[in-house]
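Visitor: Enclosed is the structure file work_25.cif (mmCIF, C-alpha atoms and all ligand atoms).
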```cif
data_data
loop_
_atom_site.label_atom_id
_atom_site.label_comp_id
_atom_site.auth_asym_id
_atom_site.auth_seq_id
_atom_site.Cartn_x
_atom_site.Cartn_y
_atom_site.Cartn_z
CA MET A 1 -54.50 79.50 0.12
CA THR A 2 -53.38 76.23 -1.39
CA ILE A 3 -56.10 74.21 -3.07
CA HIS A 4 -55.30 70.51 -3.26
CA TYR A 5 -56.48 67.84 -5.71
CA PHE A 6 -59.10 65.26 -4.77
CA SER A 7 -59.27 62.13 -6.90
CA VAL A 8 -61.34 58.95 -7.05
CA ASP A 9 -60.38 55.78 -8.92
CA VAL A 10 -63.79 54.61 -10.12
CA GLU A 11 -63.85 50.82 -10.09
CA GLU A 12 -65.86 47.96 -8.53
CA TYR A 13 -64.79 46.32 -5.26
CA PHE A 14 -63.94 43.13 -7.18
CA GLN A 15 -61.67 44.76 -9.77
CA VAL A 16 -58.79 45.70 -7.48
CA SER A 17 -55.34 44.25 -8.13
CA ALA A 18 -55.38 42.61 -4.68
CA PHE A 19 -58.08 40.21 -5.90
CA GLU A 20 -56.67 39.70 -9.39
CA GLY A 21 -55.63 36.12 -8.66
CA SER A 22 -58.89 35.11 -6.97
CA VAL A 23 -61.64 36.95 -8.90
CA PRO A 24 -61.36 36.09 -12.62
CA ARG A 25 -62.33 38.77 -15.12
CA THR A 26 -64.82 36.36 -16.67
CA SER A 27 -66.83 36.54 -13.40
CA TRP A 28 -67.06 40.35 -13.32
CA ASP A 29 -70.35 40.57 -15.19
CA HIS A 30 -71.95 38.10 -12.77
CA LEU A 31 -70.98 39.87 -9.53
CA PRO A 32 -73.34 42.40 -7.92
CA SER A 33 -72.39 45.95 -8.89
CA ARG A 34 -72.03 48.42 -6.00
CA VAL A 35 -70.14 51.29 -7.59
CA GLU A 36 -73.07 53.66 -8.17
CA ALA A 37 -74.22 54.00 -4.57
CA SER A 38 -70.69 54.75 -3.42
CA VAL A 39 -70.01 57.25 -6.19
CA TYR A 40 -73.25 59.08 -5.41
CA GLY A 41 -72.19 59.13 -1.76
CA ILE A 42 -68.90 60.73 -2.77
CA LEU A 43 -70.72 63.29 -4.95
CA ASP A 44 -72.88 64.26 -1.94
CA LEU A 45 -69.86 64.49 0.30
CA LEU A 46 -67.96 66.74 -2.12
CA ALA A 47 -71.04 68.92 -2.69
CA ARG A 48 -71.54 69.43 1.05
CA HIS A 49 -67.95 70.61 1.38
CA GLY A 50 -67.96 72.74 -1.78
CA ALA A 51 -65.17 70.58 -3.21
CA ARG A 52 -64.55 69.26 -6.72
CA GLY A 53 -62.60 66.23 -7.80
CA THR A 54 -61.16 64.15 -10.61
CA PHE A 55 -62.81 60.77 -11.23
CA PHE A 56 -60.33 58.40 -12.91
CA THR A 57 -62.79 55.90 -14.35
CA LEU A 58 -62.45 52.46 -15.89
CA GLY A 59 -63.90 52.24 -19.40
CA TRP A 60 -65.43 48.90 -18.35
CA VAL A 61 -67.38 50.65 -15.59
CA ALA A 62 -68.36 53.66 -17.74
CA GLU A 63 -69.79 51.41 -20.44
CA ARG A 64 -72.07 49.72 -17.88
CA HIS A 65 -73.02 52.89 -15.91
CA PRO A 66 -73.31 55.73 -18.46
CA GLN A 67 -75.79 57.70 -16.32
CA MET A 68 -73.38 57.71 -13.41
CA ILE A 69 -70.61 59.16 -15.58
CA LYS A 70 -72.98 61.86 -16.81
CA ARG A 71 -73.96 62.71 -13.24
CA ILE A 72 -70.32 63.03 -12.20
CA ALA A 73 -69.68 65.45 -15.07
CA GLU A 74 -72.93 67.37 -14.51
CA ALA A 75 -71.99 67.91 -10.87
CA GLY A 76 -68.96 69.84 -12.12
CA HIS A 77 -66.29 67.21 -11.58
CA GLU A 78 -63.61 66.04 -13.99
CA VAL A 79 -63.87 62.63 -15.64
CA ALA A 80 -60.48 61.11 -16.52
CA SER A 81 -59.22 57.62 -17.42
CA HIS A 82 -58.18 54.71 -15.21
CA GLY A 83 -57.66 52.50 -18.30
CA TRP A 84 -60.19 50.03 -19.68
CA ASP A 85 -60.29 47.02 -17.38
CA HIS A 86 -57.71 47.48 -14.64
CA VAL A 87 -54.86 45.52 -16.21
CA ARG A 88 -51.67 46.89 -14.66
CA VAL A 89 -49.14 48.49 -17.02
CA THR A 90 -46.60 45.94 -15.75
CA HIS A 91 -48.82 43.25 -17.30
CA GLN A 92 -49.40 44.97 -20.66
CA THR A 93 -47.52 45.23 -23.93
CA PRO A 94 -47.23 48.77 -25.32
CA GLU A 95 -49.88 47.82 -27.90
CA GLU A 96 -52.30 46.65 -25.20
CA PHE A 97 -51.67 49.78 -23.15
CA ARG A 98 -52.30 52.03 -26.16
CA ALA A 99 -55.55 50.25 -26.95
CA SER A 100 -56.70 50.59 -23.32
CA VAL A 101 -56.00 54.32 -22.99
CA LYS A 102 -57.40 55.06 -26.44
CA ARG A 103 -60.63 53.13 -25.92
CA SER A 104 -61.30 54.44 -22.41
CA LYS A 105 -60.65 58.04 -23.48
CA ALA A 106 -63.03 57.77 -26.43
CA CYS A 107 -65.75 56.15 -24.30
CA LEU A 108 -65.55 58.77 -21.53
CA GLU A 109 -65.46 61.67 -24.01
CA GLU A 110 -68.52 60.29 -25.77
CA LEU A 111 -70.42 60.20 -22.47
CA THR A 112 -69.37 63.60 -21.12
CA GLY A 113 -68.81 65.64 -24.30
CA THR A 114 -65.63 66.89 -22.66
CA GLN A 115 -62.03 66.14 -23.53
CA VAL A 116 -60.32 63.64 -21.23
CA LEU A 117 -57.03 65.16 -20.11
CA GLY A 118 -55.73 62.81 -17.44
CA PHE A 119 -54.79 59.20 -16.78
CA ARG A 120 -54.01 57.16 -13.68
CA ALA A 121 -52.64 53.66 -14.13
CA PRO A 122 -54.29 50.82 -12.16
CA SER A 123 -52.31 50.39 -8.92
CA PHE A 124 -49.91 53.19 -9.94
CA SER A 125 -48.24 50.63 -12.22
CA ILE A 126 -46.05 52.95 -14.29
CA VAL A 127 -42.85 51.82 -12.59
CA PRO A 128 -39.18 52.13 -13.64
CA GLY A 129 -38.80 50.38 -17.00
CA ARG A 130 -42.36 51.19 -18.09
CA GLU A 131 -41.70 54.82 -19.11
CA TRP A 132 -42.88 54.05 -22.65
CA ALA A 133 -46.38 54.34 -21.22
CA LEU A 134 -45.79 58.07 -20.66
CA ASP A 135 -44.87 58.53 -24.34
CA LEU A 136 -47.95 56.64 -25.46
CA LEU A 137 -50.16 58.82 -23.23
CA ILE A 138 -48.77 61.92 -24.96
CA GLU A 139 -49.28 60.34 -28.38
CA GLU A 140 -52.88 59.52 -27.50
CA GLY A 141 -53.65 63.12 -26.55
CA TYR A 142 -53.42 63.02 -22.75
CA ARG A 143 -52.20 66.19 -21.03
CA TYR A 144 -51.32 64.75 -17.64
CA ASP A 145 -50.61 61.58 -15.70
CA SER A 146 -51.07 60.70 -12.02
CA SER A 147 -49.40 57.28 -11.86
CA LEU A 148 -45.89 57.86 -10.53
CA PHE A 149 -46.00 57.13 -6.78
CA PRO A 150 -42.70 58.41 -5.35
CA ILE A 151 -42.27 55.66 -2.76
CA ARG A 152 -40.23 52.51 -2.45
CA ARG A 153 -42.50 49.52 -1.91
CA PRO A 154 -40.90 46.10 -2.30
CA GLY A 155 -42.58 43.93 -4.91
CA GLY A 156 -45.30 46.44 -5.66
CA TYR A 157 -45.71 49.81 -7.27
CA GLY A 158 -43.65 52.89 -6.78
CA TYR A 159 -41.37 55.17 -8.77
CA ALA A 160 -39.03 56.15 -5.96
CA SER A 161 -36.99 58.66 -7.97
CA ALA A 162 -40.00 60.68 -9.17
CA GLY A 163 -40.69 64.12 -7.71
CA ARG A 164 -43.13 64.58 -4.81
CA ASP A 165 -44.70 67.81 -6.08
CA PRO A 166 -46.48 68.25 -9.44
CA PHE A 167 -43.90 68.50 -12.20
CA VAL A 168 -43.55 68.42 -15.98
CA LEU A 169 -42.18 65.28 -17.64
CA GLU A 170 -40.10 66.03 -20.74
CA ARG A 171 -40.40 63.00 -23.00
CA ALA A 172 -39.35 62.20 -26.55
CA ALA A 173 -43.03 62.43 -27.56
CA GLY A 174 -43.52 65.82 -25.86
CA LYS A 175 -44.52 67.11 -22.44
CA LEU A 176 -46.78 65.54 -19.85
CA ASP A 177 -47.74 67.07 -16.51
CA GLU A 178 -47.35 64.68 -13.59
CA PHE A 179 -49.42 64.79 -10.37
CA PRO A 180 -47.94 62.28 -7.91
CA PRO A 181 -50.05 61.03 -5.00
CA ALA A 182 -49.19 62.89 -1.82
CA THR A 183 -46.28 61.71 0.31
CA LEU A 184 -44.77 62.94 3.56
CA ARG A 185 -41.00 63.24 3.74
CA ARG A 186 -39.71 61.94 7.10
CA PHE A 187 -36.32 60.58 8.15
CA GLY A 188 -35.06 60.75 4.57
CA VAL A 189 -37.82 58.61 3.11
CA ASN A 190 -41.12 59.34 1.38
CA LEU A 191 -44.06 57.97 3.36
CA PRO A 192 -47.27 57.29 1.42
CA ALA A 193 -49.85 59.74 2.79
CA GLY A 194 -52.09 60.40 -0.21
CA GLY A 195 -55.04 58.10 0.38
CA GLY A 196 -56.17 54.55 -0.29
CA ALA A 197 -55.33 51.93 2.31
CA TYR A 198 -52.85 54.30 3.95
CA PHE A 199 -55.65 56.75 4.68
CA ARG A 200 -57.71 54.02 6.37
CA ILE A 201 -54.95 52.17 8.21
CA LEU A 202 -52.37 54.78 9.25
CA PRO A 203 -53.14 57.56 11.76
CA TYR A 204 -55.10 60.47 10.28
CA ALA A 205 -52.39 62.81 11.57
CA LEU A 206 -49.97 61.50 8.95
CA VAL A 207 -52.22 62.58 6.09
CA GLN A 208 -52.97 65.86 7.82
CA ARG A 209 -49.26 66.56 8.27
CA ALA A 210 -48.57 65.73 4.63
CA PHE A 211 -51.17 68.19 3.32
CA ARG A 212 -50.04 70.85 5.77
CA SER A 213 -46.49 70.48 4.55
CA PHE A 214 -47.68 70.88 0.94
CA GLU A 215 -49.36 74.10 2.05
CA ALA A 216 -46.18 75.28 3.75
CA ARG A 217 -44.46 74.88 0.37
CA GLY A 218 -47.40 76.53 -1.45
CA VAL A 219 -47.89 73.43 -3.60
CA PRO A 220 -51.05 71.32 -4.07
CA GLY A 221 -51.05 67.72 -2.87
CA THR A 222 -53.02 64.94 -4.55
CA PHE A 223 -55.40 62.77 -2.51
CA TYR A 224 -56.93 59.56 -3.89
CA MET A 225 -59.65 57.10 -2.85
CA HIS A 226 -61.86 54.35 -4.27
CA PRO A 227 -65.68 54.05 -4.13
CA TRP A 228 -65.47 50.64 -2.40
CA GLU A 229 -63.58 52.24 0.50
CA ILE A 230 -66.82 53.79 1.79
CA ASP A 231 -68.74 50.52 1.40
CA PRO A 232 -68.19 48.39 4.55
CA ASP A 233 -71.01 46.02 3.49
CA GLN A 234 -69.46 44.93 0.18
CA PRO A 235 -69.44 41.13 -0.42
CA ARG A 236 -66.25 39.57 0.91
CA GLN A 237 -63.86 37.92 -1.56
CA GLN A 238 -61.63 34.91 -1.06
CA ALA A 239 -58.01 36.02 -1.25
CA LYS A 240 -54.78 35.70 0.65
CA LEU A 241 -54.73 37.25 4.11
CA SER A 242 -52.45 40.19 3.27
CA SER A 243 -54.74 41.22 0.38
CA ARG A 244 -57.84 40.95 2.56
CA LEU A 245 -56.27 42.98 5.36
CA ARG A 246 -55.26 45.71 2.95
CA HIS A 247 -58.67 45.85 1.29
CA TYR A 248 -60.99 45.52 4.30
CA THR A 249 -59.19 47.16 7.22
CA GLY A 250 -60.68 50.45 8.33
CA LEU A 251 -63.51 50.67 5.76
CA SER A 252 -65.82 52.15 8.40
CA ARG A 253 -63.21 54.82 9.18
CA THR A 254 -63.07 56.19 5.63
CA LEU A 255 -66.18 58.39 5.69
CA PRO A 256 -65.57 60.13 9.04
CA ARG A 257 -61.97 60.76 8.03
CA LEU A 258 -63.05 62.13 4.65
CA GLU A 259 -65.43 64.52 6.41
CA ARG A 260 -62.54 65.75 8.49
CA LEU A 261 -60.10 66.03 5.58
CA LEU A 262 -62.61 67.97 3.48
CA SER A 263 -63.37 70.35 6.33
CA GLU A 264 -59.69 70.99 7.06
CA PHE A 265 -58.43 71.40 3.48
CA ARG A 266 -59.77 72.72 0.17
CA PHE A 267 -59.86 70.48 -2.89
CA THR A 268 -60.54 70.81 -6.60
CA ALA A 269 -60.12 68.80 -9.82
CA ILE A 270 -56.71 68.39 -11.45
CA ALA A 271 -58.10 69.77 -14.74
CA ASP A 272 -58.28 73.17 -13.04
CA ARG A 273 -54.55 73.33 -13.59
CA PHE A 274 -55.18 73.60 -17.33
CA THR A 275 -56.89 76.31 -19.32
CA ARG A 276 -60.58 75.83 -19.71
CA THR A 277 -60.45 75.06 -23.42
CA ALA A 278 -61.19 71.40 -22.97
CA SER A 279 -64.83 71.34 -23.98
CA LEU A 280 -65.26 69.31 -27.16
CA ALA A 281 -68.55 71.04 -27.77
CA ALA A 282 -66.80 74.41 -27.94
CA SER A 283 -64.08 73.30 -30.37
ZN ZN B 1 -57.70 51.05 -9.50
#
```
Can you turn what I pasted into C-alpha cells?
Ligand SMILES: [Zn+2]

Guide:
Amino acid sequence: MTIHYFSVDVEEYFQVSAFEGSVPRTSWDHLPSRVEASVYGILDLLARHGARGTFFTLGWVAERHPQMIKRIAEAGHEVASHGWDHVRVTHQTPEEFRASVKRSKACLEELTGTQVLGFRAPSFSIVPGREWALDLLIEEGYRYDSSLFPIRRPGGYGYASAGRDPFVLERAAGKLDEFPPATLRRFGVNLPAGGGAYFRILPYALVQRAFRSFEARGVPGTFYMHPWEIDPDQPRQQAKLSSRLRHYTGLSRTLPRLERLLSEFRFTAIADRFTRTASLAAS
C-alpha cells in the first residue's frame, strides 16, 4: 500500500504572499496570533486518523511559539523549515536566502533536539533561474526540498519542467531529494492537485484522482495545507480581490475534506523516507 506525505506550512494568516503588499512585516507583532489553535486542531485530526506529517515552519513563528513546536515534535511529527519570515526566494539574494535557511534550521533544531532535514520555500518560490537555492540548501545541511511545483502558472510560482514524482536532484554541491506537491496529469498538462487553495476551491474528486493515480504508479504523493485554512473566523485583511478570493474561498470546506482525504488515504512524514539517524541527541 502506498503511503503518501502530509505536510503543513506553519505560518500566520497574515504572513501569506497574497497579503505581502497590504500587511507590512512591521505590523506582524501587533496582529492577533491564531496559529496555535489551528495547529493543535491539525494535530488532533492527524492523531484521530493515525497519520503523521511534516510541519514546514517559519523561524519567526517558532521563536514566538516554542511550546507549539515541541508539541508537534512530541506528537511524532517531523519539524522542517519554511524559511525565517516568508520572504520568497524570488525576492532574496543568495546571501539572504542562506541566512534564512541557516537561522530557521538552527532555531527549529534547538527546540526539537532533532536534525532538520527538509525545506519548503514560501509560495514554492524556487523557480527557473533560482536553482542556486538548491545548492545552498545542500551546503547548509538539508537533505531534501519540497519547493519545485511542476505546474505552469503565469506570473506566479511553478517549475514546469520538474518531475511530478519524488526524485533526486544532482547538483554541483551534491544531492538533494525533491518532493514536489502532487499534480494530476490530464490532457498533456499538470494540474495542481496537492492542496492549498486548489484543495478548497476545485472539486474534491480532482485531489482524490491525483492520489489514486500516484497509488497506481506505486509512488507517494505530497499533500500540503496551511493552519489558517481551517480557520474561517480569522480577521479579514484588506487586499486586492483576486488575493482575497484565493485566501478566503472555501475555508469552511477544508476540515470536512481533510477528514475525507485522511480516511481514504494513508499519510506519513517525508522524513520517513530517510534512515532514522537524524536524532541530534543520539549523535
Ligand atoms: Zn507559506

Visitor: Given a cut-off of 7 Å, what residues near ligand ZN 1 (chain B) show up using only C-alpha atoms and all ligand atoms, put as a short mmCIF file (atom, residue, chain, number, x, y, z; two decimals) with C-alpha atoms, keeping the file's coordinate frame?

Guide:
```
data_model
loop_
_atom_site.label_atom_id
_atom_site.label_comp_id
_atom_site.auth_asym_id
_atom_site.auth_seq_id
_atom_site.Cartn_x
_atom_site.Cartn_y
_atom_site.Cartn_z
CA ASP A 9 -60.38 55.78 -8.92
CA GLU A 11 -63.85 50.82 -10.09
CA VAL A 16 -58.79 45.70 -7.48
CA HIS A 82 -58.18 54.71 -15.21
CA HIS A 86 -57.71 47.48 -14.64
CA PRO A 122 -54.29 50.82 -12.16
CA SER A 123 -52.31 50.39 -8.92
#
```

Visitor: Show which residues sit within 8 Å of Val189 in chain A, as a list in words. Count only C-alpha atoms, and ignore same-chain residues fewer than 3 positions away.

Guide: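 Near Val189 in chain A, the qualifying residues are Ile151, Arg185 and Arg186 of chain A.
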
Visitor: Can I get the selected residues back with C-alpha atoms, as a PDB file, in the frame of the given file?

Guide:
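Final output, saved to result04.pdb:
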```pdb
ATOM      1  CA  ILE A 151     -42.270  55.660  -2.760  1.00  0.00           C
ATOM      2  CA  ARG A 185     -41.000  63.240   3.740  1.00  0.00           C
ATOM      3  CA  ARG A 186     -39.710  61.940   7.100  1.00  0.00           C
TER       4      ARG A 186
END
```

Visitor: For CA of Phe119 in chain A and CA of Lys240 in chain A, determine how far apart the two atoms are, in Å to one decimal place.

Guide: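 Interatomic distance here is 29.3 Å.
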
Visitor: Given all atoms listed in the file as the basis, pick out the residue of A:His30, A:Asp165, A:Leu191, A:Leu251 nearest to Gly218 in chain A.

Guide: A:Asp165

Visitor: Find the distance between CA of Val101 in chain A and CA of Phe124 in chain A and write it in Å to one decimal.

Guide: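 The value is 14.4 Å.
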
Visitor: For Thr222 in chain A, which of A:Arg64, A:Arg246, A:Arg266, A:Arg88 is the closest residue, counting all atoms listed in the file?

Guide: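 For Thr222 in chain A, the nearest of the given residues is A:Arg266.
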
Visitor: Go through A:Cys107, A:Leu45, A:Leu241, A:Val79 and flag the residue nearest Arg257 in chain A, using all atoms listed in the file for the distances.

Guide: A:Leu45

Visitor: Mind giving me the straight-line distance from CA of His4 in chain A to CA of Gln208 in chain A in Å, one decimal?

Guide: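 According to the coordinates, CA of His4 in chain A and CA of Gln208 in chain A are separated by 12.2 Å.
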
Visitor: With distances taken over all atoms listed in the file, which residue among A:Ala73, A:Leu31, A:Ala269, A:Ala51 lies nearest Phe179 in chain A?

Guide: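 Comparing A:Ala73, A:Leu31, A:Ala269, A:Ala51 against Phe179 in chain A, the winner is A:Ala269.
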
Visitor: Go through A:Glu20, A:Asp29, A:Asp272, A:Glu215 one by one, measure the shortest atom-to-atom distance of each to Phe6 in chain A using all atoms listed in the file, and give the residue with the smallest value.

Guide: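 Of the candidates, the smallest distance to Phe6 in chain A is held by A:Asp272.
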
Visitor: Using all atoms listed in the file, which of the listed residues (A:Ala197, A:Ala205, A:Val23, A:Leu108) sits closest to Ser81 in chain A?

Guide: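 Nearest candidate to Ser81 in chain A out of A:Ala197, A:Ala205, A:Val23, A:Leu108: A:Leu108.
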
Visitor: Please provide as a VMD selection string all residues within 12 Å of Val10 in chain A, with the sequence filter that same-chain residues fewer than 6 positions apart are discarded (counting only C-alpha atoms).

Guide: chain A and resid 16 34 to 40 42 53 to 62 65 68 to 69 72 79 to 86 120 to 122 224 to 229

Visitor: Could you please take those selected residues and save C-alpha atoms as a PDB file, in the coordinates of the input?

Guide:
```pdb
ATOM      1  CA  VAL A  16     -58.790  45.700  -7.480  1.00  0.00           C
ATOM      2  CA  ARG A  34     -72.030  48.420  -6.000  1.00  0.00           C
ATOM      3  CA  VAL A  35     -70.140  51.290  -7.590  1.00  0.00           C
ATOM      4  CA  GLU A  36     -73.070  53.660  -8.170  1.00  0.00           C
ATOM      5  CA  ALA A  37     -74.220  54.000  -4.570  1.00  0.00           C
ATOM      6  CA  SER A  38     -70.690  54.750  -3.420  1.00  0.00           C
ATOM      7  CA  VAL A  39     -70.010  57.250  -6.190  1.00  0.00           C
ATOM      8  CA  TYR A  40     -73.250  59.080  -5.410  1.00  0.00           C
ATOM      9  CA  ILE A  42     -68.900  60.730  -2.770  1.00  0.00           C
ATOM     10  CA  GLY A  53     -62.600  66.230  -7.800  1.00  0.00           C
ATOM     11  CA  THR A  54     -61.160  64.150 -10.610  1.00  0.00           C
ATOM     12  CA  PHE A  55     -62.810  60.770 -11.230  1.00  0.00           C
ATOM     13  CA  PHE A  56     -60.330  58.400 -12.910  1.00  0.00           C
ATOM     14  CA  THR A  57     -62.790  55.900 -14.350  1.00  0.00           C
ATOM     15  CA  LEU A  58     -62.450  52.460 -15.890  1.00  0.00           C
ATOM     16  CA  GLY A  59     -63.900  52.240 -19.400  1.00  0.00           C
ATOM     17  CA  TRP A  60     -65.430  48.900 -18.350  1.00  0.00           C
ATOM     18  CA  VAL A  61     -67.380  50.650 -15.590  1.00  0.00           C
ATOM     19  CA  ALA A  62     -68.360  53.660 -17.740  1.00  0.00           C
ATOM     20  CA  HIS A  65     -73.020  52.890 -15.910  1.00  0.00           C
ATOM     21  CA  MET A  68     -73.380  57.710 -13.410  1.00  0.00           C
ATOM     22  CA  ILE A  69     -70.610  59.160 -15.580  1.00  0.00           C
ATOM     23  CA  ILE A  72     -70.320  63.030 -12.200  1.00  0.00           C
ATOM     24  CA  VAL A  79     -63.870  62.630 -15.640  1.00  0.00           C
ATOM     25  CA  ALA A  80     -60.480  61.110 -16.520  1.00  0.00           C
ATOM     26  CA  SER A  81     -59.220  57.620 -17.420  1.00  0.00           C
ATOM     27  CA  HIS A  82     -58.180  54.710 -15.210  1.00  0.00           C
ATOM     28  CA  GLY A  83     -57.660  52.500 -18.300  1.00  0.00           C
ATOM     29  CA  TRP A  84     -60.190  50.030 -19.680  1.00  0.00           C
ATOM     30  CA  ASP A  85     -60.290  47.020 -17.380  1.00  0.00           C
ATOM     31  CA  HIS A  86     -57.710  47.480 -14.640  1.00  0.00           C
ATOM     32  CA  ARG A 120     -54.010  57.160 -13.680  1.00  0.00           C
ATOM     33  CA  ALA A 121     -52.640  53.660 -14.130  1.00  0.00           C
ATOM     34  CA  PRO A 122     -54.290  50.820 -12.160  1.00  0.00           C
ATOM     35  CA  TYR A 224     -56.930  59.560  -3.890  1.00  0.00           C
ATOM     36  CA  MET A 225     -59.650  57.100  -2.850  1.00  0.00           C
ATOM     37  CA  HIS A 226     -61.860  54.350  -4.270  1.00  0.00           C
ATOM     38  CA  PRO A 227     -65.680  54.050  -4.130  1.00  0.00           C
ATOM     39  CA  TRP A 228     -65.470  50.640  -2.400  1.00  0.00           C
ATOM     40  CA  GLU A 229     -63.580  52.240   0.500  1.00  0.00           C
TER      41      GLU A 229
END
```

Visitor: Considering all atoms listed in the file, return as a VMD selection string whatever protein or nucleic-acid residues lie within 12 Å of Gly50 in chain A, sequence-local ones (same chain, fewer than 2 positions apart) excluded.

Guide: chain A and resid 6 43 to 48 52 to 53 75 to 77 259 262 to 263 265 to 269

Visitor: Just want the 7 Å neighbourhood of Leu117 in chain A, counted on all atoms listed in the file, with same-chain residues fewer than 6 positions away dropped. Output as a list in words.

Guide: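 Neighbouring residues, sequence-local ones excluded: Ala80, Tyr142, Arg143 and Tyr144 of chain A.
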
Visitor: Can you tell me which residues surround Val127 in chain A at a distance of at most 10 Å, considering only C-alpha atoms, apart from same-chain residues fewer than 5 positions away, and format the answer as a ChimeraX atom specification?

Guide: /A:89-90,133,147-150,156-160,162

Visitor: Just need range 158-216 of chain A in a file, please: C-alpha atoms, as an mmCIF file, in the first residue's frame.

Guide:
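This went into result_2.cif:
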```
data_model
loop_
_atom_site.group_PDB
_atom_site.id
_atom_site.type_symbol
_atom_site.label_atom_id
_atom_site.label_comp_id
_atom_site.auth_asym_id
_atom_site.auth_seq_id
_atom_site.Cartn_x
_atom_site.Cartn_y
_atom_site.Cartn_z
ATOM 1 C CA GLY A 158 5.956 26.878 -10.738
ATOM 2 C CA TYR A 159 8.851 24.869 -12.106
ATOM 3 C CA ALA A 160 7.072 23.332 -15.073
ATOM 4 C CA SER A 161 9.945 21.103 -16.188
ATOM 5 C CA ALA A 162 10.445 19.445 -12.782
ATOM 6 C CA GLY A 163 9.362 15.837 -12.241
ATOM 7 C CA ARG A 164 5.955 15.018 -10.734
ATOM 8 C CA ASP A 165 7.131 12.115 -8.564
ATOM 9 C CA PRO A 166 9.813 12.317 -5.840
ATOM 10 C CA PHE A 167 13.244 12.410 -7.454
ATOM 11 C CA VAL A 168 16.892 13.109 -6.686
ATOM 12 C CA LEU A 169 18.423 16.411 -7.783
ATOM 13 C CA GLU A 170 22.078 16.097 -8.781
ATOM 14 C CA ARG A 171 23.671 19.472 -8.103
ATOM 15 C CA ALA A 172 27.219 20.804 -8.128
ATOM 16 C CA ALA A 173 27.086 20.901 -4.315
ATOM 17 C CA GLY A 174 25.818 17.300 -4.036
ATOM 18 C CA LYS A 175 22.485 15.509 -3.977
ATOM 19 C CA LEU A 176 19.128 16.728 -2.738
ATOM 20 C CA ASP A 177 15.909 14.709 -2.668
ATOM 21 C CA GLU A 178 12.936 16.555 -4.117
ATOM 22 C CA PHE A 179 9.292 16.010 -3.088
ATOM 23 C CA PRO A 180 7.069 18.010 -5.455
ATOM 24 C CA PRO A 181 3.499 18.849 -4.421
ATOM 25 C CA ALA A 182 1.039 16.446 -6.011
ATOM 26 C CA THR A 183 -0.248 17.128 -9.508
ATOM 27 C CA LEU A 184 -2.660 15.319 -11.788
ATOM 28 C CA ARG A 185 -1.635 14.821 -15.408
ATOM 29 C CA ARG A 186 -4.587 15.488 -17.739
ATOM 30 C CA PHE A 187 -4.739 16.499 -21.405
ATOM 31 C CA GLY A 188 -0.959 16.878 -21.526
ATOM 32 C CA VAL A 189 -0.741 19.352 -18.669
ATOM 33 C CA ASN A 190 -0.012 19.064 -14.948
ATOM 34 C CA LEU A 191 -2.971 20.215 -12.870
ATOM 35 C CA PRO A 192 -2.234 21.342 -9.303
ATOM 36 C CA ALA A 193 -3.955 18.813 -7.031
ATOM 37 C CA GLY A 194 -1.724 18.768 -3.955
ATOM 38 C CA GLY A 195 -3.511 21.058 -1.535
ATOM 39 C CA GLY A 196 -3.743 24.722 -0.585
ATOM 40 C CA ALA A 197 -6.314 26.833 -2.396
ATOM 41 C CA TYR A 198 -6.749 24.113 -5.023
ATOM 42 C CA PHE A 199 -7.940 21.702 -2.343
ATOM 43 C CA ARG A 200 -10.561 24.200 -1.137
ATOM 44 C CA ILE A 201 -11.717 25.599 -4.474
ATOM 45 C CA LEU A 202 -11.526 22.742 -7.000
ATOM 46 C CA PRO A 203 -13.712 19.622 -6.748
ATOM 47 C CA TYR A 204 -12.507 17.088 -4.177
ATOM 48 C CA ALA A 205 -12.546 14.445 -6.921
ATOM 49 C CA LEU A 206 -9.534 16.069 -8.570
ATOM 50 C CA VAL A 207 -7.372 15.576 -5.490
ATOM 51 C CA GLN A 208 -8.760 12.089 -4.982
ATOM 52 C CA ARG A 209 -7.940 11.163 -8.580
ATOM 53 C CA ALA A 210 -4.424 12.557 -8.238
ATOM 54 C CA PHE A 211 -3.632 10.468 -5.150
ATOM 55 C CA ARG A 212 -5.212 7.384 -6.702
ATOM 56 C CA SER A 213 -3.023 7.798 -9.757
ATOM 57 C CA PHE A 214 0.059 8.053 -7.519
ATOM 58 C CA GLU A 215 -1.027 4.768 -5.957
ATOM 59 C CA ALA A 216 -1.483 3.188 -9.367
#
```
